[in-house]
Number of protein chains: 2
Amino acid sequence: MQSELEKLREWLGVISDLGRSRALLAWDERTQMPPGGAEARVEQLATLARVRHERLISDELGRLLDEASRAVDGLAHDSDEACLVRMTRREWEKARRVPADLRAEITRASSRGETAWIEARERSDFAAFLPYLERNVDLKRRYAECFEGFEGFEHVYDPLLDDFEPGMTTAEMGAVLGELRDGIRALVAAVAGSGGEVDDACLYGEFPVEAQERLAREVVAELPLEEGAWRLDTTVHPFATAISPSDIRITTRFDEGYVGSSLWSVIHEAGHALYENGVARELSRTPLASPVSLGFHESQSRLWENWVGRGRPYLGHLHPRLVEIFPEAFGHVDALALYRAANKIEPSPIRVEADQVTYNLHIIMRFELELEIFEGRLELADLPEAWNARTADYLGLDVADDAQGVLQDVHWAEGAFGYFPTYSLGNLIAAQIWDAAREALPELDAQLGAGQLAPLRNWLGERLYRHGGKFMPKEMIERVVGGPISVAPYLRQLRERAAEIYGV
Amino acid sequence: MQSELEKLREWLGVISDLGRSRALLAWDERTQMPPGGAEARVEQLATLARVRHERLISDELGRLLDEASRAVDGLAHDSDEACLVRMTRREWEKARRVPADLRAEITRASSRGETAWIEARERSDFAAFLPYLERNVDLKRRYAECFEGFEGFEHVYDPLLDDFEPGMTTAEMGAVLGELRDGIRALVAAVAGSGGEVDDACLYGEFPVEAQERLAREVVAELPLEEGAWRLDTTVHPFATAISPSDIRITTRFDEGYVGSSLWSVIHEAGHALYENGVARELSRTPLASPVSLGFHESQSRLWENWVGRGRPYLGHLHPRLVEIFPEAFGHVDALALYRAANKIEPSPIRVEADQVTYNLHIIMRFELELEIFEGRLELADLPEAWNARTADYLGLDVADDAQGVLQDVHWAEGAFGYFPTYSLGNLIAAQIWDAAREALPELDAQLGAGQLAPLRNWLGERLYRHGGKFMPKEMIERVVGGPISVAPYLRQLRERAAEIYGV
């Protein structure tokens, strides 16, 4: 006789396998697939998503959850079993709120939107894209309406945000991003007013792809990912995806003229990979085997990229290797100059090319515009104007055209609203966890300077990674740092670094 | 309103997507996956197979087939729609005969058998492997029993054979392979008695992997596969698999000491790929999108490998390129000597290393032993003795030990019985189709000699490839060559080539 929990685990195991298989197909599409495979791949990806979704919203899963609930009654709140039932039930209840027709329509509109966006961006033609954007927004409003009365949802934007950051409300996000905006704007103004100049010319020049790839592999191998549990491939828009906790596909891209693109992007993606790689194996094939939320996931990519990878100790360790591989670029640049170049602050018009500080302003203006749209305060036809005004206000920049402005990102074309703010949230979480790690590991700087990254990984693994998705984000941040989301640590850390480099 | 046929196609589309997705996971496992992914991959593959199978054996598919049957009533026998309903119904009826428990047990036994075989082969310990083999045979007997009364099945081995070569009976296979055995044995004896010697030293030496890989890519690109519809990777046991008709993954292996391994293996696998690539796109996402049978599939790998790839015209075309890439090995070898080396006949103990002629004796002895086992004429404990006796009789060779004898192949360990004979059947079909192609294309030799392979591919595409799995093998061979399976063309072609080379 199978126990109730075993039956539940088996059902969830199939859902997990279908999701992971889909992830492999998506990775293959972006790294290996011959172009001829594109048409069939669309169908294959859709089928795996649909079959997975059918199992997720099934009455049978509800019945299994009811039975398992009785079985876990009395178990500790943080036991794997209690978490499994609690977290799965929330996902099941959310998924069942949305009619299949609406879900299919959203998928279609997303796909059409992306196609229309590609053309519209090429011609910088917002008007051609507008009907698709309107459709996406309209469908996402209807999506949000499905959650009337759902516990914790009050604002039309809450269900959208919740898909990426469970349990976080619009009011909470608005408060932290508002505080962050003011702090960042003040910092950027101070830097601009300091008259300080940072020379990052060493990062630009000629960097053969093979040499960059060798460096990227060394960096990832040292980071320290489990041996035999990852691979690195080239793609257009870098990402990392876990086919299982021990099979993680990291991707990057190489720019022959700019070594920073692959170097920090690969550390960023490896940060995502370290999180996935650290999830306890007992959680495998359950919904708990994935990190807490997008914000938490991003906190780890950014912790490793910005606080380790752009930090003085680790750059001091990396410097001789850079000199060795690229003697022309780095032969006459010392470790301090490298550190300064890696942390240059300068507003720029394209989000994905932004420095780590002004990046937040790109995010915050997107979040604010999304809110205005869903609260009915901004007509979509007026979006380019609003975009350009906000860019001038926050970044002090003129937008050349819509292709380099409101049309620069694919996400709205795909109907992803509520997604952008998790990037800045990740920055906040990263800073809080970084503070906690530094306190717990007094030798951390010396270790990073010696290229010993395992102590940090192990601490993060114990505190965060191994728990996978057992807890809601709010519970998780309390468990790791002993308090709620907070803006101050991030601003303090940015200010400290800016003080070192710009003397502000 | 969807028509009955559209509903059926949609249901079958999901089954197809699940199967193709599984093929991608299997390809990835053997070419890309980091070792850490192995454990989870077993579950993922099993889940995709199970979910696919559930849809295949569903009552719903039976209902859809009933409704679609009425819709295709009156349509031509060879219309896509009539074929779809007819061929799918046969697959559905076969699949439903086997209880889920038995199927699961067969899968488990196959997996355990493979693990046990790896160890047993390492230690050349047949006794350790025997219980697993007994279990596989016992389960396959029970599997065969499920088909009592199934149309056309009379012999216990019929259902096993039918899984690889639908509609072919044990009696028919026994008759053609018996005739083939006698013909091949006579030919091999004549060659041995001729005193003729073939020098194939040019194929052995030092062939850097990168140069071999360059050659392999050129050969495949020229073969002529659709551009952008394939890729070539390295693996341990080469195979080709179609993720869609325009996304075909070819694999090969490179032996630095023997150029023949990659050269003809890549042509062989590209032959499989040409078949998959040639299926009419209207059949996509249906069971008809795959070739007729294993025998037919193998006929195309062997036609391209042996009749094109080891033929004088094409080798004449390839020769200058070989000289260019490997001047040391081929600089002093003319095209005729290359042709002779490529067609050397010499009995050897390992099937996968055998020449194209004696290869059939490896197959035939396996088929005969399988029959003796399932007819209860051979105890499994006596299999090594029977194996060694047959090897001495057919190949004139002593078997060094069981590892190089009865334990050399994985297939019995996996429970695949009825599979081996399709290799020799492929040789017969290839020869019949080759005769028909030569008759239809009077300029064929000149075209192959000039590296123009498209006319042959186009003729094969029109006659065979585009029809995918619309017809049963018996119907297909009639359609392509105007008669039933026949042994004579193959023996005649082998004799002609042997006459040229050995003067027999």
# chains A, B, ... in the order shown; residues from 1 in each chain; ligands from 1

$ closest_atom_pairs --of "chain B" --to "chain A" --cutoff "7 Å" --atoms "only C-alpha atoms" --output "Markdown table"
| residue | atom | partner | partner_atom | distance |
| --- | --- | --- | --- | --- |
| B:Val14 | CA | A:Thr47 | CA | 6.1 |
| B:Asp17 | CA | A:Gln44 | CA | 5.0 |
| B:Ser21 | CA | A:Gln44 | CA | 6.7 |
| B:Pro34 | CA | A:Gly228 | CA | 5.4 |
| B:Pro35 | CA | A:Gly228 | CA | 5.4 |
| B:Gly36 | CA | A:Ala229 | CA | 4.6 |
| B:Gly37 | CA | A:Asp247 | CA | 4.6 |
| B:Ala40 | CA | A:Ser244 | CA | 6.3 |
| B:Gln44 | CA | A:Asp17 | CA | 5.0 |
| B:Thr47 | CA | A:Val14 | CA | 6.1 |
| B:Gly228 | CA | A:Gly36 | CA | 5.4 |
| B:Ala229 | CA | A:Gly36 | CA | 4.6 |
| B:Trp230 | CA | A:Pro34 | CA | 5.9 |
| B:Arg231 | CA | A:Pro34 | CA | 6.5 |
| B:Ser244 | CA | A:Ala40 | CA | 6.3 |
| B:Ser246 | CA | A:Gly36 | CA | 4.8 |
| B:Asp247 | CA | A:Gly37 | CA | 4.5 |

$ residues_around --residues "Asn388 of chain B" --least-positions-apart "2" --cutoff "12 Å" --atoms "only C-alpha atoms" --output "number ranges by chain"
B: 349, 362, 365-366, 369, 382-386, 390-407

$ write_last_selection --atoms "C-alpha atoms" --output "short mmCIF file (atom, residue, chain, number, x, y, z; two decimals), in the first residue's frame"
data_model
loop_
_atom_site.label_atom_id
_atom_site.label_comp_id
_atom_site.auth_asym_id
_atom_site.auth_seq_id
_atom_site.Cartn_x
_atom_site.Cartn_y
_atom_site.Cartn_z
CA PRO B 349 34.15 -12.00 -33.95
CA HIS B 362 26.18 -12.42 -37.06
CA MET B 365 22.89 -16.72 -35.84
CA ARG B 366 21.27 -14.35 -33.35
CA LEU B 369 19.24 -18.63 -31.37
CA ASP B 382 23.32 -23.58 -22.70
CA LEU B 383 23.35 -20.35 -24.72
CA PRO B 384 27.13 -19.66 -24.53
CA GLU B 385 27.87 -23.14 -25.82
CA ALA B 386 25.36 -22.75 -28.64
CA ARG B 390 27.41 -21.33 -34.21
CA THR B 391 30.33 -18.86 -34.40
CA ALA B 392 32.68 -21.71 -35.26
CA ASP B 393 30.24 -23.05 -37.84
CA TYR B 394 29.22 -19.79 -39.58
CA LEU B 395 32.28 -17.63 -39.12
CA GLY B 396 34.98 -20.24 -38.65
CA LEU B 397 36.14 -18.46 -35.49
CA ASP B 398 36.88 -19.43 -31.90
CA VAL B 399 35.25 -17.19 -29.31
CA ALA B 400 37.88 -15.89 -26.89
CA ASP B 401 35.48 -15.51 -23.97
CA ASP B 402 31.81 -14.72 -23.30
CA ALA B 403 32.52 -10.99 -23.15
CA GLN B 404 33.54 -11.17 -26.81
CA GLY B 405 30.91 -13.77 -27.53
CA VAL B 406 27.39 -14.08 -26.22
CA LEU B 407 27.76 -10.98 -24.03
#

$ residues_around --residues "segment 446-460 of chain B" --least-positions-apart "6" --cutoff "10 Å" --atoms "only C-alpha atoms" --output "PyMOL selection string"
chain B and resi 219+222-225+271+274-275+278+300+304+308-309+311-318+433-434+436-438+440+466+480

$ atom_distance --atom1 "atom CA of Ala416 of chain B" --atom2 "atom CA of Gln432 of chain B"
26.9 Å

$ atom_distance --atom1 "atom CA of Leu139 of chain B" --atom2 "atom CA of Ala104 of chain B"
10.6 Å

$ residues_around --residues "Ser290 of chain A" --least-positions-apart "2" --cutoff "6 Å" --atoms "only C-alpha atoms" --output "PDB file with N, CA and C atoms, in the first residue's frame"
ATOM      1  N   LEU A 288       8.857  21.871  -4.610  1.00  0.00           N
ATOM      2  CA  LEU A 288       9.789  22.527  -3.680  1.00  0.00           C
ATOM      3  C   LEU A 288      11.229  22.494  -4.181  1.00  0.00           C
ATOM      4  N   GLY A 468      15.257  25.108  -1.037  1.00  0.00           N
ATOM      5  CA  GLY A 468      14.486  25.198  -2.281  1.00  0.00           C
ATOM      6  C   GLY A 468      13.300  26.122  -2.122  1.00  0.00           C
ATOM      7  N   GLY A 469      12.129  25.650  -2.522  1.00  0.00           N
ATOM      8  CA  GLY A 469      10.931  26.474  -2.449  1.00  0.00           C
ATOM      9  C   GLY A 469      10.024  26.091  -1.292  1.00  0.00           C
TER      10      GLY A 469
END

$ select_by_dssp --residues "segment 96-291 of chain A" --states "strand (DSSP E or B)" --output "PDB file with N, CA and C atoms, in the first residue's frame"
ATOM      1  N   TYR A 204      37.487  47.254 -22.867  1.00  0.00           N
ATOM      2  CA  TYR A 204      37.161  47.338 -24.291  1.00  0.00           C
ATOM      3  C   TYR A 204      38.416  47.137 -25.123  1.00  0.00           C
ATOM      4  N   TRP A 230      27.150  20.602 -14.578  1.00  0.00           N
ATOM      5  CA  TRP A 230      26.815  21.796 -15.375  1.00  0.00           C
ATOM      6  C   TRP A 230      27.499  21.723 -16.729  1.00  0.00           C
ATOM      7  N   ARG A 231      27.007  22.557 -17.645  1.00  0.00           N
ATOM      8  CA  ARG A 231      27.715  22.803 -18.883  1.00  0.00           C
ATOM      9  C   ARG A 231      27.472  24.251 -19.284  1.00  0.00           C
ATOM     10  N   LEU A 232      28.338  24.745 -20.157  1.00  0.00           N
ATOM     11  CA  LEU A 232      28.296  26.144 -20.562  1.00  0.00           C
ATOM     12  C   LEU A 232      28.165  26.210 -22.079  1.00  0.00           C
ATOM     13  N   ASP A 233      27.155  26.908 -22.557  1.00  0.00           N
ATOM     14  CA  ASP A 233      26.960  27.069 -23.996  1.00  0.00           C
ATOM     15  C   ASP A 233      26.761  28.546 -24.338  1.00  0.00           C
ATOM     16  N   THR A 234      26.792  28.783 -25.636  1.00  0.00           N
ATOM     17  CA  THR A 234      26.654  30.149 -26.128  1.00  0.00           C
ATOM     18  C   THR A 234      25.229  30.373 -26.619  1.00  0.00           C
ATOM     19  N   ALA A 240      20.248  30.705 -17.367  1.00  0.00           N
ATOM     20  CA  ALA A 240      20.644  29.420 -16.789  1.00  0.00           C
ATOM     21  C   ALA A 240      19.368  28.662 -16.516  1.00  0.00           C
ATOM     22  N   THR A 241      19.400  27.346 -16.698  1.00  0.00           N
ATOM     23  CA  THR A 241      18.201  26.549 -16.459  1.00  0.00           C
ATOM     24  C   THR A 241      18.609  25.204 -15.894  1.00  0.00           C
ATOM     25  N   ALA A 242      17.809  24.715 -14.950  1.00  0.00           N
ATOM     26  CA  ALA A 242      18.147  23.457 -14.290  1.00  0.00           C
ATOM     27  C   ALA A 242      17.270  22.339 -14.832  1.00  0.00           C
ATOM     28  N   ILE A 243      17.903  21.338 -15.443  1.00  0.00           N
ATOM     29  CA  ILE A 243      17.164  20.161 -15.900  1.00  0.00           C
ATOM     30  C   ILE A 243      16.983  19.208 -14.720  1.00  0.00           C
ATOM     31  N   SER A 244      17.876  19.318 -13.775  1.00  0.00           N
ATOM     32  CA  SER A 244      17.737  18.708 -12.453  1.00  0.00           C
ATOM     33  C   SER A 244      18.746  19.466 -11.584  1.00  0.00           C
ATOM     34  N   ASP A 247      22.103  18.960 -12.993  1.00  0.00           N
ATOM     35  CA  ASP A 247      22.244  19.080 -14.446  1.00  0.00           C
ATOM     36  C   ASP A 247      21.802  20.481 -14.835  1.00  0.00           C
ATOM     37  N   ILE A 248      22.747  21.413 -14.759  1.00  0.00           N
ATOM     38  CA  ILE A 248      22.395  22.812 -14.934  1.00  0.00           C
ATOM     39  C   ILE A 248      23.072  23.366 -16.173  1.00  0.00           C
ATOM     40  N   ARG A 249      22.280  23.991 -16.996  1.00  0.00           N
ATOM     41  CA  ARG A 249      22.768  24.511 -18.257  1.00  0.00           C
ATOM     42  C   ARG A 249      22.934  26.024 -18.129  1.00  0.00           C
ATOM     43  N   ILE A 250      24.183  26.455 -18.163  1.00  0.00           N
ATOM     44  CA  ILE A 250      24.513  27.878 -18.098  1.00  0.00           C
ATOM     45  C   ILE A 250      24.795  28.349 -19.514  1.00  0.00           C
ATOM     46  N   THR A 251      24.336  29.528 -19.854  1.00  0.00           N
ATOM     47  CA  THR A 251      24.649  30.050 -21.180  1.00  0.00           C
ATOM     48  C   THR A 251      25.225  31.449 -21.030  1.00  0.00           C
ATOM     49  N   THR A 252      25.970  31.843 -22.041  1.00  0.00           N
ATOM     50  CA  THR A 252      26.528  33.191 -22.052  1.00  0.00           C
ATOM     51  C   THR A 252      26.704  33.623 -23.486  1.00  0.00           C
ATOM     52  N   ASP A 255      31.313  38.936 -26.547  1.00  0.00           N
ATOM     53  CA  ASP A 255      31.457  40.140 -27.360  1.00  0.00           C
ATOM     54  C   ASP A 255      32.952  40.347 -27.542  1.00  0.00           C
ATOM     55  N   TYR A 258      34.313  43.570 -25.986  1.00  0.00           N
ATOM     56  CA  TYR A 258      34.046  43.965 -24.593  1.00  0.00           C
ATOM     57  C   TYR A 258      34.057  42.723 -23.704  1.00  0.00           C
TER      58      TYR A 258
END

$ atom_distance --atom1 "atom CA of Tyr465 of chain B" --atom2 "atom CA of Arg479 of chain B"
12.1 Å

$ select_by_dssp --residues "segment 197-242 of chain B" --states "alpha helix (DSSP H)" --output "VMD selection string"
chain B and resid 209 to 222

$ closest_residue --among "B:Leu215, B:Thr235, B:Arg103, B:Gly113" --to "Glu29 of chain B" --atoms "only C-alpha atoms"
B:Thr235

$ residues_around --residues "Ile267 of chain B" --least-positions-apart "2" --cutoff "7 Å" --atoms "only C-alpha atoms" --output "list in words"
Val220, Leu263, Trp264, Ser265, Glu269, Ala270, Gly271, Trp304, Glu305 and Gly309 of chain B

$ write_last_selection --atoms "all heavy atoms" --output "tab-separated table (two decimals), in the first residue's frame"
chain	number	residue	atom	x	y	z
B	220	VAL	N	28.20	14.64	-44.92
B	220	VAL	CA	26.77	14.73	-44.58
B	220	VAL	C	26.13	15.87	-45.35
B	220	VAL	O	25.03	15.74	-45.90
B	220	VAL	CB	26.58	14.92	-43.07
B	220	VAL	CG1	25.10	15.13	-42.75
B	220	VAL	CG2	27.11	13.72	-42.30
B	263	LEU	N	33.84	7.46	-41.13
B	263	LEU	CA	33.41	7.77	-42.50
B	263	LEU	C	32.14	7.02	-42.88
B	263	LEU	O	31.14	7.61	-43.29
B	263	LEU	CB	34.54	7.45	-43.48
B	263	LEU	CG	34.19	7.63	-44.96
B	263	LEU	CD1	33.74	9.05	-45.24
B	263	LEU	CD2	35.38	7.27	-45.85
B	264	TRP	N	32.16	5.68	-42.76
B	264	TRP	CA	30.98	4.94	-43.20
B	264	TRP	C	29.86	4.96	-42.16
B	264	TRP	O	28.71	4.85	-42.50
B	264	TRP	CB	31.37	3.52	-43.64
B	264	TRP	CG	32.06	3.60	-44.98
B	264	TRP	CD1	31.49	3.99	-46.15
B	264	TRP	CD2	33.43	3.35	-45.26
B	264	TRP	NE1	32.42	4.00	-47.16
B	264	TRP	CE2	33.62	3.59	-46.65
B	264	TRP	CE3	34.53	2.94	-44.50
B	264	TRP	CZ2	34.86	3.45	-47.28
B	264	TRP	CZ3	35.75	2.78	-45.13
B	264	TRP	CH2	35.92	3.04	-46.50
B	265	SER	N	30.24	5.14	-40.90
B	265	SER	CA	29.19	5.24	-39.89
B	265	SER	C	28.40	6.52	-40.07
B	265	SER	O	27.18	6.56	-39.89
B	265	SER	CB	29.82	5.16	-38.49
B	265	SER	OG	29.21	6.04	-37.60
B	269	GLU	N	24.38	6.73	-40.76
B	269	GLU	CA	23.42	7.50	-39.96
B	269	GLU	C	22.75	8.59	-40.79
B	269	GLU	O	21.56	8.89	-40.61
B	269	GLU	CB	24.10	8.10	-38.72
B	269	GLU	CG	24.73	7.08	-37.77
B	269	GLU	CD	23.77	5.99	-37.30
B	269	GLU	OE1	22.55	6.22	-37.33
B	269	GLU	OE2	24.25	4.90	-36.93
B	270	ALA	N	23.50	9.17	-41.71
B	270	ALA	CA	22.90	10.18	-42.59
B	270	ALA	C	21.85	9.54	-43.50
B	270	ALA	O	20.88	10.19	-43.90
B	270	ALA	CB	23.97	10.87	-43.41
B	271	GLY	N	22.03	8.25	-43.82
B	271	GLY	CA	21.01	7.53	-44.59
B	271	GLY	C	19.70	7.46	-43.82
B	271	GLY	O	18.61	7.72	-44.35
B	304	TRP	N	22.71	3.85	-48.46
B	304	TRP	CA	23.64	4.98	-48.58
B	304	TRP	C	25.04	4.58	-48.12
B	304	TRP	O	26.03	4.98	-48.73
B	304	TRP	CB	23.11	6.18	-47.77
B	304	TRP	CG	21.94	6.84	-48.44
B	304	TRP	CD1	20.61	6.64	-48.18
B	304	TRP	CD2	21.98	7.79	-49.53
B	304	TRP	NE1	19.82	7.40	-49.02
B	304	TRP	CE2	20.64	8.12	-49.84
B	304	TRP	CE3	23.01	8.39	-50.25
B	304	TRP	CZ2	20.31	9.03	-50.86
B	304	TRP	CZ3	22.68	9.30	-51.25
B	304	TRP	CH2	21.34	9.61	-51.56
B	305	GLU	N	25.13	3.78	-47.07
B	305	GLU	CA	26.47	3.38	-46.60
B	305	GLU	C	27.15	2.45	-47.59
B	305	GLU	O	28.29	2.70	-47.99
B	305	GLU	CB	26.37	2.67	-45.24
B	305	GLU	CG	27.74	2.17	-44.75
B	305	GLU	CD	27.67	1.20	-43.58
B	305	GLU	OE1	26.58	1.05	-42.98
B	305	GLU	OE2	28.71	0.57	-43.27
B	309	GLY	N	28.04	4.63	-50.53
B	309	GLY	CA	29.27	5.01	-49.83
B	309	GLY	C	30.45	4.08	-50.04
B	309	GLY	O	31.60	4.50	-49.88

$ residues_around --residues "segment 296-298 of chain B" --least-positions-apart "3" --cutoff "8 Å" --atoms "only C-alpha atoms" --output "short mmCIF file (atom, residue, chain, number, x, y, z; two decimals) with C-alpha atoms, in the first residue's frame"
data_model
loop_
_atom_site.label_atom_id
_atom_site.label_comp_id
_atom_site.auth_asym_id
_atom_site.auth_seq_id
_atom_site.Cartn_x
_atom_site.Cartn_y
_atom_site.Cartn_z
CA HIS B 272 18.61 7.17 -41.68
CA TYR B 275 14.62 9.01 -44.80
CA PRO B 291 9.36 5.43 -41.56
CA VAL B 292 7.56 2.16 -42.25
CA SER B 293 9.59 -0.17 -40.03
CA SER B 301 21.15 3.57 -43.87
CA ARG B 302 22.62 0.56 -45.67
CA THR B 422 15.61 -6.34 -39.16
CA TYR B 423 19.28 -5.52 -39.87
CA GLY B 426 17.30 -3.97 -44.30
CA ASN B 427 20.11 -5.31 -46.47
CA ILE B 429 15.28 -4.26 -49.00
CA ALA B 430 18.20 -1.95 -49.76
CA PRO B 473 6.10 -3.01 -44.92
#
